[in-house]
Every structure is written in C-alpha cells, then in structure tokens.
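S.K.: Mind looking over this structure? Questions follow.
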Amino acid sequence: MTRIPRNIAAIGLFFLAATAPAAADQLADIQAKGEIVCGTIGTVPPFSFQDPATRTTVGYDADICQLIAKALGVQPKLALVAGAARIPELNQRRLDVVTGTLGWTPERAKQVDYSYAYFNSNQMIGVLAKAGLRSVKELDGKRVSAQAASTSEAVAKQKLPTTEVISFQDVPQALLALNQGKVSGLVLSELMLRDFAVTSKDTNTALTVLDDSTLMIEKVGVGVRKGEDKLLAKINETLVAADKNGEIDRIYDKWFGKSSKFNMPRSFKVELIQ
C-alpha cells in the first residue's frame, strides 16, 4: 500500500475544504446584512399597491413582509416584480422571499418552499354587468382574461375547458381587456373582483361576480428558496405567533375586515398548506 506524504494529504484536505460549497443559511445572511428583500407585485390592491399620498408600496402583503422583518430584527425592503417573475427572481437570489399573493400549486411547490398559509382566496369570475351573463355556463365558447403565470390562469385553463383563456402581464391589463370587450370574463381572486365591483359601480364598465364561479380555494404563503429550512422555520414561527397574539387579525382587519370597505370576516387559519 503506497503511503501519501503528510504534507500532500494536508494540502488535499485544505483544497477540498476550500472548494466545498458552504451550507445554505439564508437566515444568517439576512440578519448579517440587516435587511430582507420581499418580492411583491405592487399592482394588486389591497395586497400590494402604491399609496397615492406617499407613493410607497402598501397593503396586506407589504405588512406581512414588515411582520417577518421585525421578527428577524432587520429592515424590510419591497421589490416590485411581475407575477411571472416572482419565482425566477427568488431562485436567482434577487429576492430573499416572495410575499406577493403567491398561491400554492403543485407545480410551484416543486420550485420553492411555502410557509404556512397567511391568506385564503377564492378564485372566481367577474363579468361586465351590462353583458347580462349570470352563470359560468354562459361563458362556453367565449374568452376570459387572467394574469400570466398566476393561479388564476392555471385554474381557468383547468376548469374552463370550453372557454379560451387569454393571458396578460398583470391584473390591470387583464381588467382593461374585459372593460374594452376583448374578453367576456376576468378570472381573479374574489376579493379583488369585489373591489373592482365596488369601484366600478354606476359606471359603464360596472363589474359583477358570477355567484356560481368559485373555481378553487387558493392558499397563499410566503415563498422561500428550496433548502432554506432555518429561514422557513423562522417565518412559520413568526406567522403562528402573530396568529396567536392577534397581529394577523389586526393586519387582516386593516385591509379586508371591519376597518376596510370589504368588511369580510377572517375565515382562515395560519396552518400548513396541504
């Protein structure tokens, strides 16, 4: 058996140690830099949108980012991204997490890890009131719009096989297509559709929601890169604690509940997405 000189073996061990990839610990990196970058869409009120008075991004998702940042002892930073770019930007390390209405799907769960759900949303269909449509069946052979790379787009293609789904870069463009008569329906979260219905009331583009159009119940979580178990555990711990101490209720009421124009009671729990 040939013996390897000690000095050569030591050099080899040093080389292996120097070239071996470091264990992922994004939590420590975030705390070291003193900032967490949360990706959000920014055009989806009341989840994330520009406050006209301050020109800053505010909303439910923005407050969730702030909640996590506070628990980590760092400053929150919101980065605006298109819906289709949320996961790529996260996995390319331009974002630390995604707090941007990232509904759970099996396909997305293969690309990122999800925190516990911090919001549940029904995916439904809005139509123009003047169109006279009353049921999903009346959309057979017609076209509906949805945001590209969104849960709305995916569920529309799955649940509306006789309807053509036209994808747009963001929600405002998808809504504009409906208002201009380019499509007959808009697939979106119920909350956003109800918001559009309120703001468009008494206009030529008044929107109404089809009562029989619940396509799915979407669970929304924080998106985290695969393998970042410490960060994911800390986010889950933060959300559970905020659920118990009433902080989630306070944030929810501010944007969706009794302190908002929606006055919608909270019907979900912070829990594992299954």
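In the structure tokens, each chain is lettered A, B, ... as it comes, each chain's residues begin at 1, and ligands are numbered from 1 in order of appearance.
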Show which residues sit within 8 Å of region 222-239 of chain A, as a ChimeraX atom specification. Count only C-alpha atoms, and ignore same-chain residues fewer than 2 positions away.
M.R.: /A:24-27,67-68,71,87,90-91,96-100,102,111-118,220,241-243,248,270
S.K.: May I have the residues within 8 Å of Cys65 (chain A) as a ChimeraX atom specification, using only C-alpha atoms and disregarding those fewer than 5 positions away in the same chain?
M.R.: /A:38,76,78,99
S.K.: Write the residues you've just listed into a file as an mmCIF file, in the first residue's frame, and include C-alpha atoms for each of them.
M.R.:
```cif
data_model
loop_
_atom_site.group_PDB
_atom_site.id
_atom_site.type_symbol
_atom_site.label_atom_id
_atom_site.label_comp_id
_atom_site.auth_asym_id
_atom_site.auth_seq_id
_atom_site.Cartn_x
_atom_site.Cartn_y
_atom_site.Cartn_z
ATOM 1 C CA CYS A 38 -39.577 40.734 -0.203
ATOM 2 C CA PRO A 76 -38.000 45.273 5.251
ATOM 3 C CA LEU A 78 -40.135 45.629 -1.021
ATOM 4 C CA THR A 99 -44.757 37.985 -0.243
#
```
S.K.: Taking 4 positions as the minimum chain separation for residues in the same chain, which residues sit within 10 Å of Ala131 (chain A) when counting only C-alpha atoms? Answer as a PDB file with N, CA and C atoms, in the first residue's frame.
M.R.:
```pdb
ATOM      1  N   VAL A 127     -67.622  39.573 -14.564  1.00  0.00           N
ATOM      2  CA  VAL A 127     -68.105  39.936 -15.903  1.00  0.00           C
ATOM      3  C   VAL A 127     -68.665  41.355 -15.842  1.00  0.00           C
ATOM      4  N   GLY A 181     -64.142  44.958 -23.838  1.00  0.00           N
ATOM      5  CA  GLY A 181     -64.931  43.957 -24.564  1.00  0.00           C
ATOM      6  C   GLY A 181     -64.108  42.949 -25.334  1.00  0.00           C
ATOM      7  N   SER A 184     -64.892  38.178 -22.275  1.00  0.00           N
ATOM      8  CA  SER A 184     -66.213  38.212 -21.627  1.00  0.00           C
ATOM      9  C   SER A 184     -66.144  38.060 -20.114  1.00  0.00           C
ATOM     10  N   GLY A 185     -64.983  37.656 -19.604  1.00  0.00           N
ATOM     11  CA  GLY A 185     -64.857  37.455 -18.168  1.00  0.00           C
ATOM     12  C   GLY A 185     -63.428  37.651 -17.708  1.00  0.00           C
ATOM     13  N   THR A 205     -68.621  50.463 -17.112  1.00  0.00           N
ATOM     14  CA  THR A 205     -67.882  49.199 -17.011  1.00  0.00           C
ATOM     15  C   THR A 205     -68.105  48.546 -15.643  1.00  0.00           C
ATOM     16  N   ALA A 206     -69.294  48.729 -15.084  1.00  0.00           N
ATOM     17  CA  ALA A 206     -69.624  48.109 -13.793  1.00  0.00           C
ATOM     18  C   ALA A 206     -69.416  46.602 -13.877  1.00  0.00           C
ATOM     19  N   LEU A 207     -68.724  46.068 -12.867  1.00  0.00           N
ATOM     20  CA  LEU A 207     -68.391  44.640 -12.838  1.00  0.00           C
ATOM     21  C   LEU A 207     -69.259  43.921 -11.818  1.00  0.00           C
ATOM     22  N   THR A 208     -69.620  42.701 -12.140  1.00  0.00           N
ATOM     23  CA  THR A 208     -70.348  41.851 -11.198  1.00  0.00           C
ATOM     24  C   THR A 208     -69.676  40.490 -11.150  1.00  0.00           C
TER      25      THR A 208
END
```
S.K.: As a ChimeraX atom specification, please: every residue in region 38-198 of chain A that a backbone DSSP assignment puts in alpha helix (DSSP H).
M.R.: /A:60-72,86-91,106-109,151-159,171-179,190-198
S.K.: Pick from A:Thr151, A:Thr40, A:Asn204, A:Asn179: nearest to Ser167 (chain A), with only C-alpha atoms counted?
M.R.: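 Looking only at the distances to Ser167 (chain A), the closest residue turns out to be A:Thr151.
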S.K.: Mind checking which residues fall within 7 Å of Gly83 (chain A), counting only C-alpha atoms, ignoring those fewer than 4 positions away in the same chain, and posting them as a ChimeraX atom specification?
M.R.: /A:41,148-150,170
S.K.: Suppose we keep N, CA and C atoms; can you now write the selection as a compact mmCIF listing (two decimals), in the first residue's frame?
M.R.:
```
# COMPACT_ATOMS: atom_id res chain seq x y z
N ILE A 41 -45.96 42.17 -6.09
CA ILE A 41 -46.35 42.61 -7.43
C ILE A 41 -46.56 44.12 -7.50
N ALA A 148 -50.88 36.38 -16.40
CA ALA A 148 -49.95 35.34 -16.80
C ALA A 148 -49.19 34.77 -15.61
N ALA A 149 -48.98 33.46 -15.62
CA ALA A 149 -48.22 32.75 -14.59
C ALA A 149 -48.85 32.88 -13.21
N SER A 150 -50.15 33.06 -13.16
CA SER A 150 -50.86 33.18 -11.89
C SER A 150 -51.70 31.93 -11.64
N ASP A 170 -50.25 41.62 -16.30
CA ASP A 170 -50.67 41.94 -14.94
C ASP A 170 -52.18 42.10 -14.87
```
S.K.: For region 26-128 of chain A versus region 193-200 of chain A, which residues have an atom no more than 8 Å away, and what is each residue's nearest atom pair and distance in Å rounded to one decimal, using only C-alpha atoms, chain-then-number order, as a tab-separated table?
M.R.:
```
residue	atom	partner	partner_atom	distance
A:Met124	CA	A:Leu193	CA	7.9
A:Ile125	CA	A:Leu193	CA	7.7
A:Gly126	CA	A:Leu193	CA	6.2
```
S.K.: Might you pull out every residue within 9 Å of Ala177 (chain A), with only C-alpha atoms counted and same-chain residues fewer than 4 positions away left off, and present them as an NGL selection string?
M.R.: :A and (144-145 or 168 or 172-173 or 181-184 or 186)
S.K.: Within region 171-256 of chain A, find each residue whose DSSP state, derived from the backbone, is strand (DSSP E), and express the selection as a list of chain:residue names.
M.R.: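 Filtering region 171-256 of chain A to strand (DSSP E) leaves A:Gly185, A:Leu186, A:Val187, A:Leu188, A:Ser189, A:Leu207, A:Thr208, A:Val209, A:Met216, A:Ile217, A:Glu218, A:Lys219, A:Val220, A:Gly223, A:Val224, A:Arg225.
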